[in-house]
Each structure stands twice: as C-alpha cells, then as structure tokens.
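What follows is the content of start39.txt, which has compact mmCIF, N, CA and C atoms:
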# COMPACT_ATOMS: atom_id res chain seq x y z
N MET A 20 -5.39 26.13 -17.01
CA MET A 20 -4.15 25.52 -17.41
C MET A 20 -3.13 25.69 -16.27
N VAL A 21 -2.22 24.73 -16.14
CA VAL A 21 -1.25 24.77 -15.06
C VAL A 21 -0.16 25.80 -15.34
N SER A 22 0.67 26.01 -14.34
CA SER A 22 1.77 26.95 -14.43
C SER A 22 2.70 26.60 -15.59
N GLU A 23 3.34 27.63 -16.12
CA GLU A 23 4.26 27.44 -17.25
C GLU A 23 5.66 27.02 -16.78
N GLU A 24 5.89 26.91 -15.48
CA GLU A 24 7.22 26.56 -15.03
C GLU A 24 7.53 25.10 -15.35
N HIS A 25 8.81 24.81 -15.50
CA HIS A 25 9.30 23.48 -15.83
C HIS A 25 8.91 22.50 -14.72
N CYS A 26 8.48 21.33 -15.10
CA CYS A 26 8.13 20.33 -14.10
C CYS A 26 8.75 18.98 -14.47
N VAL A 27 8.81 18.12 -13.47
CA VAL A 27 9.41 16.80 -13.64
C VAL A 27 8.34 15.73 -13.47
N VAL A 28 8.39 14.76 -14.37
CA VAL A 28 7.58 13.56 -14.27
C VAL A 28 8.54 12.42 -13.96
N LEU A 29 8.29 11.70 -12.88
CA LEU A 29 9.12 10.54 -12.54
C LEU A 29 8.44 9.29 -13.09
N LEU A 30 9.19 8.53 -13.84
CA LEU A 30 8.67 7.32 -14.46
C LEU A 30 9.47 6.12 -13.97
N LEU A 31 8.77 5.17 -13.39
CA LEU A 31 9.37 3.88 -13.04
C LEU A 31 8.86 2.88 -14.07
N GLU A 32 9.76 2.36 -14.89
CA GLU A 32 9.36 1.40 -15.92
C GLU A 32 10.58 0.56 -16.29
N ASN A 33 10.46 -0.76 -16.18
CA ASN A 33 11.60 -1.61 -16.51
C ASN A 33 11.55 -2.15 -17.93
N ASN A 34 10.49 -1.85 -18.66
CA ASN A 34 10.36 -2.27 -20.05
C ASN A 34 10.76 -1.09 -20.95
N ASP A 35 11.88 -1.22 -21.66
CA ASP A 35 12.39 -0.12 -22.49
C ASP A 35 11.38 0.35 -23.52
N ASN A 36 10.70 -0.58 -24.18
CA ASN A 36 9.73 -0.22 -25.22
C ASN A 36 8.57 0.60 -24.64
N GLU A 37 8.04 0.16 -23.52
CA GLU A 37 6.92 0.88 -22.90
C GLU A 37 7.38 2.23 -22.36
N ALA A 38 8.58 2.29 -21.81
CA ALA A 38 9.11 3.57 -21.33
C ALA A 38 9.25 4.55 -22.49
N ASN A 39 9.75 4.07 -23.62
CA ASN A 39 9.90 4.94 -24.78
C ASN A 39 8.55 5.44 -25.31
N ILE A 40 7.54 4.59 -25.29
CA ILE A 40 6.19 5.02 -25.71
C ILE A 40 5.70 6.13 -24.79
N ILE A 41 5.90 5.96 -23.50
CA ILE A 41 5.45 6.96 -22.53
C ILE A 41 6.21 8.27 -22.74
N ILE A 42 7.52 8.20 -22.84
CA ILE A 42 8.33 9.41 -23.00
C ILE A 42 7.99 10.12 -24.30
N GLN A 43 7.90 9.39 -25.40
CA GLN A 43 7.59 10.01 -26.70
C GLN A 43 6.23 10.69 -26.69
N ASN A 44 5.24 10.07 -26.09
CA ASN A 44 3.90 10.65 -26.08
C ASN A 44 3.78 11.81 -25.09
N PHE A 45 4.55 11.79 -24.03
CA PHE A 45 4.57 12.94 -23.12
C PHE A 45 5.20 14.15 -23.82
N GLN A 46 6.14 13.91 -24.73
CA GLN A 46 6.77 15.01 -25.46
C GLN A 46 5.78 15.76 -26.34
N LEU A 47 4.65 15.16 -26.65
CA LEU A 47 3.65 15.79 -27.51
C LEU A 47 2.79 16.82 -26.78
N VAL A 48 2.88 16.84 -25.46
CA VAL A 48 2.10 17.79 -24.66
C VAL A 48 2.87 19.10 -24.57
N ASP A 49 2.18 20.19 -24.83
CA ASP A 49 2.85 21.49 -24.88
C ASP A 49 2.94 22.15 -23.51
N VAL A 50 3.55 21.44 -22.58
CA VAL A 50 3.83 21.97 -21.25
C VAL A 50 5.31 21.66 -20.98
N ALA A 51 6.04 22.64 -20.49
CA ALA A 51 7.46 22.44 -20.20
C ALA A 51 7.61 21.38 -19.11
N HIS A 52 8.22 20.27 -19.47
CA HIS A 52 8.41 19.20 -18.51
C HIS A 52 9.59 18.34 -18.94
N GLU A 53 10.00 17.50 -18.01
CA GLU A 53 11.08 16.55 -18.26
C GLU A 53 10.65 15.23 -17.64
N VAL A 54 10.77 14.15 -18.39
CA VAL A 54 10.50 12.82 -17.84
C VAL A 54 11.83 12.25 -17.37
N ARG A 55 11.88 11.94 -16.10
CA ARG A 55 13.07 11.30 -15.53
C ARG A 55 12.71 9.84 -15.30
N TRP A 56 13.43 8.97 -15.99
CA TRP A 56 13.10 7.56 -16.05
C TRP A 56 14.07 6.73 -15.23
N VAL A 57 13.52 5.89 -14.37
CA VAL A 57 14.30 4.91 -13.61
C VAL A 57 13.71 3.53 -13.88
N THR A 58 14.53 2.51 -13.67
CA THR A 58 14.09 1.15 -14.00
C THR A 58 13.81 0.27 -12.79
N ASP A 59 14.06 0.78 -11.59
CA ASP A 59 13.74 -0.03 -10.41
C ASP A 59 13.25 0.84 -9.26
N SER A 60 12.54 0.22 -8.35
CA SER A 60 11.91 0.96 -7.26
C SER A 60 12.93 1.57 -6.31
N ASN A 61 14.08 0.94 -6.15
CA ASN A 61 15.11 1.52 -5.27
C ASN A 61 15.60 2.86 -5.81
N ALA A 62 15.81 2.95 -7.11
CA ALA A 62 16.27 4.21 -7.72
C ALA A 62 15.21 5.30 -7.57
N LEU A 63 13.94 4.93 -7.72
CA LEU A 63 12.87 5.91 -7.57
C LEU A 63 12.79 6.39 -6.13
N LEU A 64 12.88 5.48 -5.19
CA LEU A 64 12.83 5.86 -3.78
C LEU A 64 14.01 6.76 -3.42
N GLU A 65 15.19 6.46 -3.94
CA GLU A 65 16.37 7.29 -3.70
C GLU A 65 16.16 8.70 -4.25
N TYR A 66 15.59 8.80 -5.47
CA TYR A 66 15.31 10.11 -6.06
C TYR A 66 14.35 10.89 -5.15
N LEU A 67 13.30 10.25 -4.69
CA LEU A 67 12.32 10.92 -3.84
C LEU A 67 12.96 11.41 -2.54
N LYS A 68 13.81 10.58 -1.94
CA LYS A 68 14.49 10.99 -0.71
C LYS A 68 15.39 12.20 -0.96
N GLU A 69 16.08 12.20 -2.08
CA GLU A 69 16.96 13.33 -2.41
C GLU A 69 16.15 14.59 -2.73
N SER A 70 14.95 14.41 -3.28
CA SER A 70 14.14 15.58 -3.64
C SER A 70 13.64 16.34 -2.43
N VAL A 71 13.56 15.72 -1.28
CA VAL A 71 13.14 16.42 -0.07
C VAL A 71 14.34 16.99 0.70
N ASN A 72 15.55 16.66 0.26
CA ASN A 72 16.77 17.20 0.84
C ASN A 72 17.02 18.57 0.22
N LYS A 73 16.93 19.61 1.00
CA LYS A 73 17.03 20.99 0.49
C LYS A 73 18.37 21.25 -0.23
N ASP A 74 19.43 20.54 0.15
CA ASP A 74 20.73 20.74 -0.50
C ASP A 74 20.76 20.22 -1.93
N ASN A 75 19.85 19.33 -2.28
CA ASN A 75 19.84 18.72 -3.60
C ASN A 75 18.66 19.18 -4.46
N SER A 76 18.01 20.25 -4.08
CA SER A 76 16.76 20.63 -4.74
C SER A 76 16.93 21.04 -6.20
N ASP A 77 18.15 21.43 -6.61
CA ASP A 77 18.36 21.76 -8.02
C ASP A 77 18.49 20.51 -8.88
N LYS A 78 19.16 19.51 -8.37
CA LYS A 78 19.39 18.27 -9.12
C LYS A 78 18.19 17.33 -9.05
N TYR A 79 17.57 17.27 -7.89
CA TYR A 79 16.44 16.36 -7.67
C TYR A 79 15.17 17.18 -7.47
N ILE A 80 14.60 17.62 -8.57
CA ILE A 80 13.40 18.44 -8.53
C ILE A 80 12.22 17.59 -8.08
N LYS A 81 11.42 18.14 -7.16
CA LYS A 81 10.23 17.41 -6.73
C LYS A 81 9.32 17.18 -7.93
N PRO A 82 8.81 15.97 -8.06
CA PRO A 82 7.99 15.66 -9.24
C PRO A 82 6.61 16.29 -9.18
N ARG A 83 6.07 16.55 -10.35
CA ARG A 83 4.68 16.97 -10.49
C ARG A 83 3.77 15.76 -10.67
N LEU A 84 4.35 14.66 -11.13
CA LEU A 84 3.60 13.44 -11.43
C LEU A 84 4.54 12.26 -11.30
N ILE A 85 4.05 11.15 -10.75
CA ILE A 85 4.81 9.91 -10.67
C ILE A 85 4.01 8.82 -11.38
N ILE A 86 4.69 8.15 -12.30
CA ILE A 86 4.06 7.04 -13.02
C ILE A 86 4.80 5.76 -12.65
N LEU A 87 4.06 4.79 -12.15
CA LEU A 87 4.63 3.51 -11.76
C LEU A 87 4.21 2.46 -12.78
N GLY A 88 5.12 2.12 -13.68
CA GLY A 88 4.86 1.05 -14.64
C GLY A 88 5.25 -0.27 -13.99
N ILE A 89 4.27 -1.00 -13.52
CA ILE A 89 4.55 -2.19 -12.71
C ILE A 89 3.76 -3.39 -13.22
N ASP A 90 4.22 -4.56 -12.81
CA ASP A 90 3.48 -5.78 -13.08
C ASP A 90 2.67 -6.20 -11.86
N GLU A 91 3.19 -5.82 -10.69
CA GLU A 91 2.49 -6.17 -9.46
C GLU A 91 2.81 -5.15 -8.37
N LEU A 92 1.98 -5.11 -7.39
CA LEU A 92 2.17 -4.22 -6.24
C LEU A 92 3.06 -4.96 -5.24
N ASN A 93 4.38 -4.79 -5.39
CA ASN A 93 5.32 -5.52 -4.55
C ASN A 93 5.80 -4.65 -3.39
N ALA A 94 6.70 -5.20 -2.58
CA ALA A 94 7.19 -4.50 -1.39
C ALA A 94 7.88 -3.18 -1.75
N GLY A 95 8.65 -3.15 -2.84
CA GLY A 95 9.33 -1.92 -3.25
C GLY A 95 8.35 -0.80 -3.59
N ILE A 96 7.28 -1.15 -4.28
CA ILE A 96 6.26 -0.15 -4.64
C ILE A 96 5.52 0.32 -3.39
N ILE A 97 5.21 -0.61 -2.51
CA ILE A 97 4.54 -0.23 -1.26
C ILE A 97 5.42 0.71 -0.45
N ASN A 98 6.74 0.47 -0.41
CA ASN A 98 7.67 1.37 0.30
C ASN A 98 7.63 2.77 -0.30
N ILE A 99 7.59 2.86 -1.62
CA ILE A 99 7.53 4.16 -2.29
C ILE A 99 6.25 4.88 -1.90
N LEU A 100 5.13 4.20 -1.99
CA LEU A 100 3.84 4.83 -1.68
C LEU A 100 3.75 5.25 -0.22
N GLU A 101 4.30 4.45 0.68
CA GLU A 101 4.31 4.82 2.09
C GLU A 101 5.24 6.01 2.33
N PHE A 102 6.39 6.05 1.66
CA PHE A 102 7.31 7.18 1.81
C PHE A 102 6.66 8.48 1.35
N LEU A 103 5.94 8.42 0.25
CA LEU A 103 5.27 9.62 -0.26
C LEU A 103 4.33 10.21 0.77
N GLN A 104 3.64 9.37 1.52
CA GLN A 104 2.67 9.85 2.50
C GLN A 104 3.32 10.47 3.73
N GLN A 105 4.62 10.26 3.89
CA GLN A 105 5.32 10.80 5.06
C GLN A 105 5.79 12.24 4.88
N ASP A 106 5.78 12.73 3.65
CA ASP A 106 6.25 14.08 3.39
C ASP A 106 5.06 14.98 3.03
N VAL A 107 5.00 16.14 3.65
CA VAL A 107 3.85 17.03 3.47
C VAL A 107 3.68 17.47 2.01
N GLU A 108 4.77 17.66 1.28
CA GLU A 108 4.67 18.07 -0.12
C GLU A 108 4.53 16.88 -1.07
N LEU A 109 5.30 15.83 -0.83
CA LEU A 109 5.26 14.68 -1.74
C LEU A 109 3.91 13.95 -1.72
N LYS A 110 3.23 14.00 -0.60
CA LYS A 110 1.95 13.29 -0.56
C LYS A 110 0.89 13.94 -1.44
N ARG A 111 1.16 15.15 -1.92
CA ARG A 111 0.24 15.83 -2.84
C ARG A 111 0.50 15.46 -4.31
N VAL A 112 1.62 14.82 -4.58
CA VAL A 112 1.99 14.49 -5.96
C VAL A 112 1.11 13.34 -6.45
N PRO A 113 0.44 13.52 -7.58
CA PRO A 113 -0.38 12.43 -8.13
C PRO A 113 0.49 11.24 -8.52
N VAL A 114 -0.03 10.06 -8.22
CA VAL A 114 0.65 8.81 -8.56
C VAL A 114 -0.28 7.98 -9.41
N LEU A 115 0.24 7.56 -10.57
CA LEU A 115 -0.51 6.72 -11.49
C LEU A 115 0.17 5.38 -11.59
N VAL A 116 -0.59 4.33 -11.47
CA VAL A 116 -0.09 2.99 -11.71
C VAL A 116 -0.49 2.61 -13.13
N CYS A 117 0.48 2.16 -13.90
CA CYS A 117 0.24 1.62 -15.24
C CYS A 117 0.70 0.18 -15.21
N SER A 118 -0.23 -0.72 -15.07
CA SER A 118 0.11 -2.13 -14.91
C SER A 118 0.02 -2.88 -16.23
N SER A 119 0.94 -3.81 -16.41
CA SER A 119 0.94 -4.63 -17.62
C SER A 119 -0.17 -5.67 -17.59
N THR A 120 -0.62 -6.00 -16.41
CA THR A 120 -1.66 -7.01 -16.26
C THR A 120 -2.72 -6.51 -15.29
N LEU A 121 -3.91 -7.01 -15.43
CA LEU A 121 -4.97 -6.70 -14.48
C LEU A 121 -4.72 -7.52 -13.23
N SER A 122 -4.24 -6.86 -12.20
CA SER A 122 -3.94 -7.55 -10.95
C SER A 122 -5.21 -8.03 -10.29
N ASP A 123 -5.03 -8.82 -9.28
CA ASP A 123 -6.20 -9.21 -8.51
C ASP A 123 -6.79 -7.97 -7.86
N GLN A 124 -8.05 -8.00 -7.57
CA GLN A 124 -8.74 -6.84 -7.02
C GLN A 124 -8.14 -6.36 -5.71
N ASN A 125 -7.56 -7.27 -4.93
CA ASN A 125 -6.93 -6.86 -3.66
C ASN A 125 -5.76 -5.91 -3.89
N SER A 126 -4.98 -6.15 -4.95
CA SER A 126 -3.85 -5.26 -5.25
C SER A 126 -4.34 -3.88 -5.66
N ILE A 127 -5.42 -3.83 -6.40
CA ILE A 127 -5.97 -2.55 -6.82
C ILE A 127 -6.50 -1.79 -5.61
N VAL A 128 -7.22 -2.49 -4.74
CA VAL A 128 -7.73 -1.87 -3.51
C VAL A 128 -6.57 -1.37 -2.66
N LYS A 129 -5.53 -2.19 -2.51
CA LYS A 129 -4.37 -1.80 -1.70
C LYS A 129 -3.68 -0.56 -2.30
N ALA A 130 -3.57 -0.49 -3.63
CA ALA A 130 -2.96 0.66 -4.28
C ALA A 130 -3.73 1.93 -3.94
N TYR A 131 -5.05 1.87 -4.03
CA TYR A 131 -5.85 3.06 -3.71
C TYR A 131 -5.79 3.38 -2.22
N GLU A 132 -5.71 2.38 -1.37
CA GLU A 132 -5.55 2.65 0.07
C GLU A 132 -4.24 3.37 0.35
N LEU A 133 -3.23 3.11 -0.49
CA LEU A 133 -1.94 3.77 -0.35
C LEU A 133 -1.89 5.09 -1.12
N LYS A 134 -3.06 5.60 -1.49
CA LYS A 134 -3.25 6.94 -2.08
C LYS A 134 -2.83 7.06 -3.54
N VAL A 135 -2.84 5.97 -4.29
CA VAL A 135 -2.65 6.06 -5.74
C VAL A 135 -3.83 6.83 -6.31
N ASN A 136 -3.59 7.69 -7.29
CA ASN A 136 -4.66 8.50 -7.86
C ASN A 136 -5.35 7.85 -9.05
N SER A 137 -4.66 6.91 -9.69
CA SER A 137 -5.25 6.25 -10.85
C SER A 137 -4.56 4.91 -11.06
N TYR A 138 -5.32 3.93 -11.50
CA TYR A 138 -4.78 2.59 -11.78
C TYR A 138 -5.23 2.21 -13.18
N LEU A 139 -4.27 2.19 -14.10
CA LEU A 139 -4.56 1.87 -15.50
C LEU A 139 -3.94 0.53 -15.88
N VAL A 140 -4.62 -0.19 -16.74
CA VAL A 140 -4.06 -1.41 -17.31
C VAL A 140 -3.63 -1.09 -18.73
N LYS A 141 -2.36 -1.35 -19.03
CA LYS A 141 -1.83 -1.06 -20.36
C LYS A 141 -2.51 -1.96 -21.39
N PRO A 142 -3.05 -1.38 -22.44
CA PRO A 142 -3.63 -2.21 -23.48
C PRO A 142 -2.53 -2.92 -24.27
N GLU A 143 -2.87 -4.00 -24.93
CA GLU A 143 -1.89 -4.74 -25.71
C GLU A 143 -1.49 -4.01 -26.99
N SER A 144 -2.39 -3.22 -27.53
CA SER A 144 -2.13 -2.48 -28.76
C SER A 144 -1.22 -1.28 -28.48
N LYS A 145 -0.12 -1.17 -29.23
CA LYS A 145 0.80 -0.04 -29.08
C LYS A 145 0.10 1.27 -29.39
N ASP A 146 -0.75 1.29 -30.42
CA ASP A 146 -1.47 2.51 -30.78
C ASP A 146 -2.43 2.95 -29.68
N GLU A 147 -3.14 2.00 -29.11
CA GLU A 147 -4.08 2.31 -28.02
C GLU A 147 -3.32 2.78 -26.79
N PHE A 148 -2.20 2.14 -26.49
CA PHE A 148 -1.37 2.55 -25.35
C PHE A 148 -0.87 3.98 -25.56
N SER A 149 -0.40 4.28 -26.76
CA SER A 149 0.08 5.64 -27.08
C SER A 149 -1.03 6.67 -26.89
N GLU A 150 -2.22 6.34 -27.33
CA GLU A 150 -3.35 7.27 -27.19
C GLU A 150 -3.67 7.53 -25.72
N ILE A 151 -3.68 6.49 -24.93
CA ILE A 151 -3.96 6.64 -23.50
C ILE A 151 -2.89 7.50 -22.84
N VAL A 152 -1.62 7.26 -23.19
CA VAL A 152 -0.53 8.02 -22.60
C VAL A 152 -0.66 9.50 -22.96
N ARG A 153 -1.00 9.81 -24.20
CA ARG A 153 -1.19 11.22 -24.59
C ARG A 153 -2.31 11.86 -23.77
N GLU A 154 -3.41 11.14 -23.56
CA GLU A 154 -4.51 11.67 -22.77
C GLU A 154 -4.10 11.88 -21.32
N VAL A 155 -3.37 10.91 -20.78
CA VAL A 155 -2.88 11.02 -19.40
C VAL A 155 -1.96 12.23 -19.27
N ALA A 156 -1.02 12.38 -20.20
CA ALA A 156 -0.08 13.50 -20.16
C ALA A 156 -0.81 14.83 -20.24
N SER A 157 -1.75 14.92 -21.14
CA SER A 157 -2.50 16.17 -21.30
C SER A 157 -3.27 16.51 -20.03
N TYR A 158 -3.95 15.52 -19.48
CA TYR A 158 -4.75 15.77 -18.29
C TYR A 158 -3.87 16.19 -17.11
N TRP A 159 -2.87 15.37 -16.77
CA TRP A 159 -2.10 15.61 -15.55
C TRP A 159 -1.13 16.78 -15.67
N LEU A 160 -0.62 17.06 -16.86
CA LEU A 160 0.33 18.17 -16.99
C LEU A 160 -0.32 19.47 -17.43
N LYS A 161 -1.34 19.38 -18.25
CA LYS A 161 -1.91 20.58 -18.83
C LYS A 161 -3.14 21.09 -18.07
N TRP A 162 -4.00 20.20 -17.64
CA TRP A 162 -5.29 20.63 -17.09
C TRP A 162 -5.46 20.44 -15.60
N ASN A 163 -4.87 19.43 -15.02
CA ASN A 163 -5.05 19.16 -13.59
C ASN A 163 -4.39 20.24 -12.75
N GLN A 164 -5.09 20.72 -11.75
CA GLN A 164 -4.58 21.74 -10.82
C GLN A 164 -4.17 21.06 -9.51
N LEU A 165 -2.92 21.29 -9.13
CA LEU A 165 -2.43 20.76 -7.86
C LEU A 165 -2.39 21.88 -6.83
N PRO A 166 -2.44 21.53 -5.56
CA PRO A 166 -2.31 22.58 -4.53
C PRO A 166 -0.91 23.18 -4.57
N PRO A 167 -0.76 24.41 -4.12
CA PRO A 167 0.57 25.06 -4.14
C PRO A 167 1.56 24.36 -3.22
Any chance you could put this one into structure tokens?
Amino acid sequence: MVSEEHCVVLLLENNDNEANIIIQNFQLVDVAHEVRWVTDSNALLEYLKESVNKDNSDKYIKPRLIILGIDELNAGIINILEFLQQDVELKRVPVLVCSSTLSDQNSIVKAYELKVNSYLVKPESKDEFSEIVREVASYWLKWNQLPP
C-alpha cells in the first residue's frame, strides 16, 4: 500500500458531469487525497509550472496522478505531456487519458509516445464509468508504487 501522506490528483475535465463522477468515485478510496479540478489545458499547465517552483510548493502540491479527460490529443495536451517530461520529478507522475471517444489509432500511439501511462475510453453508461473510475482510483492511489 502507498504512503499515508496526503496526495493530489490533478484532473483536467471540461464536462461538469464527468468531472463530478470522477471526483465522487475517487472519494470512495480510503487514501488521503485531494482532487484538484481544472477545465482547460492552460490552467493545468500553469498548475504544473507552479508546482515545480519551490516558493509555491505549499499551494501547488506536485501531483501523484494526472487525469486528462479529453476528446482529442490537441496541441494543449501535447504541451502538457512534453512539459512533464522536462522535469525530473514530474516525468514520474502517472498520466491517464480518459477520452470521450475512441480516437484514431495515431492519437493513441502519439499519447503513449509522449509517456501516457494509460488510455481509457469512457463508457456511455454512467454506472460502468463510475465502476471504472473506482478501480482506477484504487489502483493508482492505493496499490501502485511510485519511485521516491
């Protein structure tokens, strides 16, 4: 089991309903964490930049997990993934893509080339989506071991 210290999950999701499903189901995992939700890639990139600034380390806690709720792998998402690889600590943070649609195979390949750890397609059923989110939360927060 992972450390008991408080951790942050960064969530990029512009759909309020899907963000609420993710947040509610993450709350069911018995690991101290906080989901910080942003609705656009610029806000997420700004958070990441501030998290590597030592003066802001209390307000902008480095994430333990990043979830990208996206419809497509656009320039903003690519900028985020490239930025993550430039920092020695941030490049270790697992990144999950939760896409509303099954993108073309080239987008999936490109996401993995940019070091995404998982690419999920959101099911249409709210119940099935909730179940997947609970499993994802349990795995990445409770059982997955990250390097120090």
message = So that I can check the secondary structure, give me every residue of chain A assigned helix (DSSP H, G or I) by backbone DSSP, as a ChimeraX atom specification.
response = /A:35-45,60-70,73-75,94-105,109-111,124-132,145-162
message = From a backbone DSSP assignment, name each residue in segment 27-56 of chain A labelled strand (DSSP E or B), as a ChimeraX atom specification.
response = /A:27-32,52-56
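Within 6 Å of segment 65-71 of chain A, once only N, CA and C atoms are used and residues closer than 6 positions along the same chain are dropped, the contacting residues are Tyr79, Ile80 and Lys81 of chain A.
Here the selection is built from only N, CA and C atoms, and the residues within 6 Å of (2.6, 12.8, -7.8) turn out to be A:Pro82, A:Arg83, A:Leu84, A:Ile85, A:Arg111, A:Val112, A:Pro113, A:Val114.
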message = Can you pull out the residues contacting segment 37-48 of chain A? Cut-off 6 Å, using only C-alpha atoms, and skip same-chain residues under 4 positions away; I want them as number ranges by chain.
response = A: 32, 153, 156-157
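Across the model, the gap from atom C of Trp159 of chain A to atom CA of Asp146 of chain A is 20.8 Å.
Considering only C-alpha atoms, the residue among A:Tyr131, A:Phe102, A:Tyr138, A:Trp56 positioned nearest to Val155 of chain A is A:Tyr138.
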request  = Find the residues around Leu63 of chain A up to 9 Å (only C-alpha atoms counted), leave out those fewer than 6 positions away in its own chain, and share them as a PyMOL selection string.
outcome  = chain A and resi 29-31+56-57+99
One-decimal distance in Å that lies between atom CA of Ile97 of chain A and atom CA of Asn125 of chain A = 13.5 Å
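Interatomic distance, atom N of Ile127 of chain A against atom CA of Gln104 of chain A: 18.2 Å.
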message = Residues within 8 Å of Leu92 of chain A, please, as an NGL selection string. Count only N, CA and C atoms; anything in the same chain fewer than 2 positions from it doesn't count.
response = :A and (89-90 or 94-97 or 122 or 126-127 or 129-130)
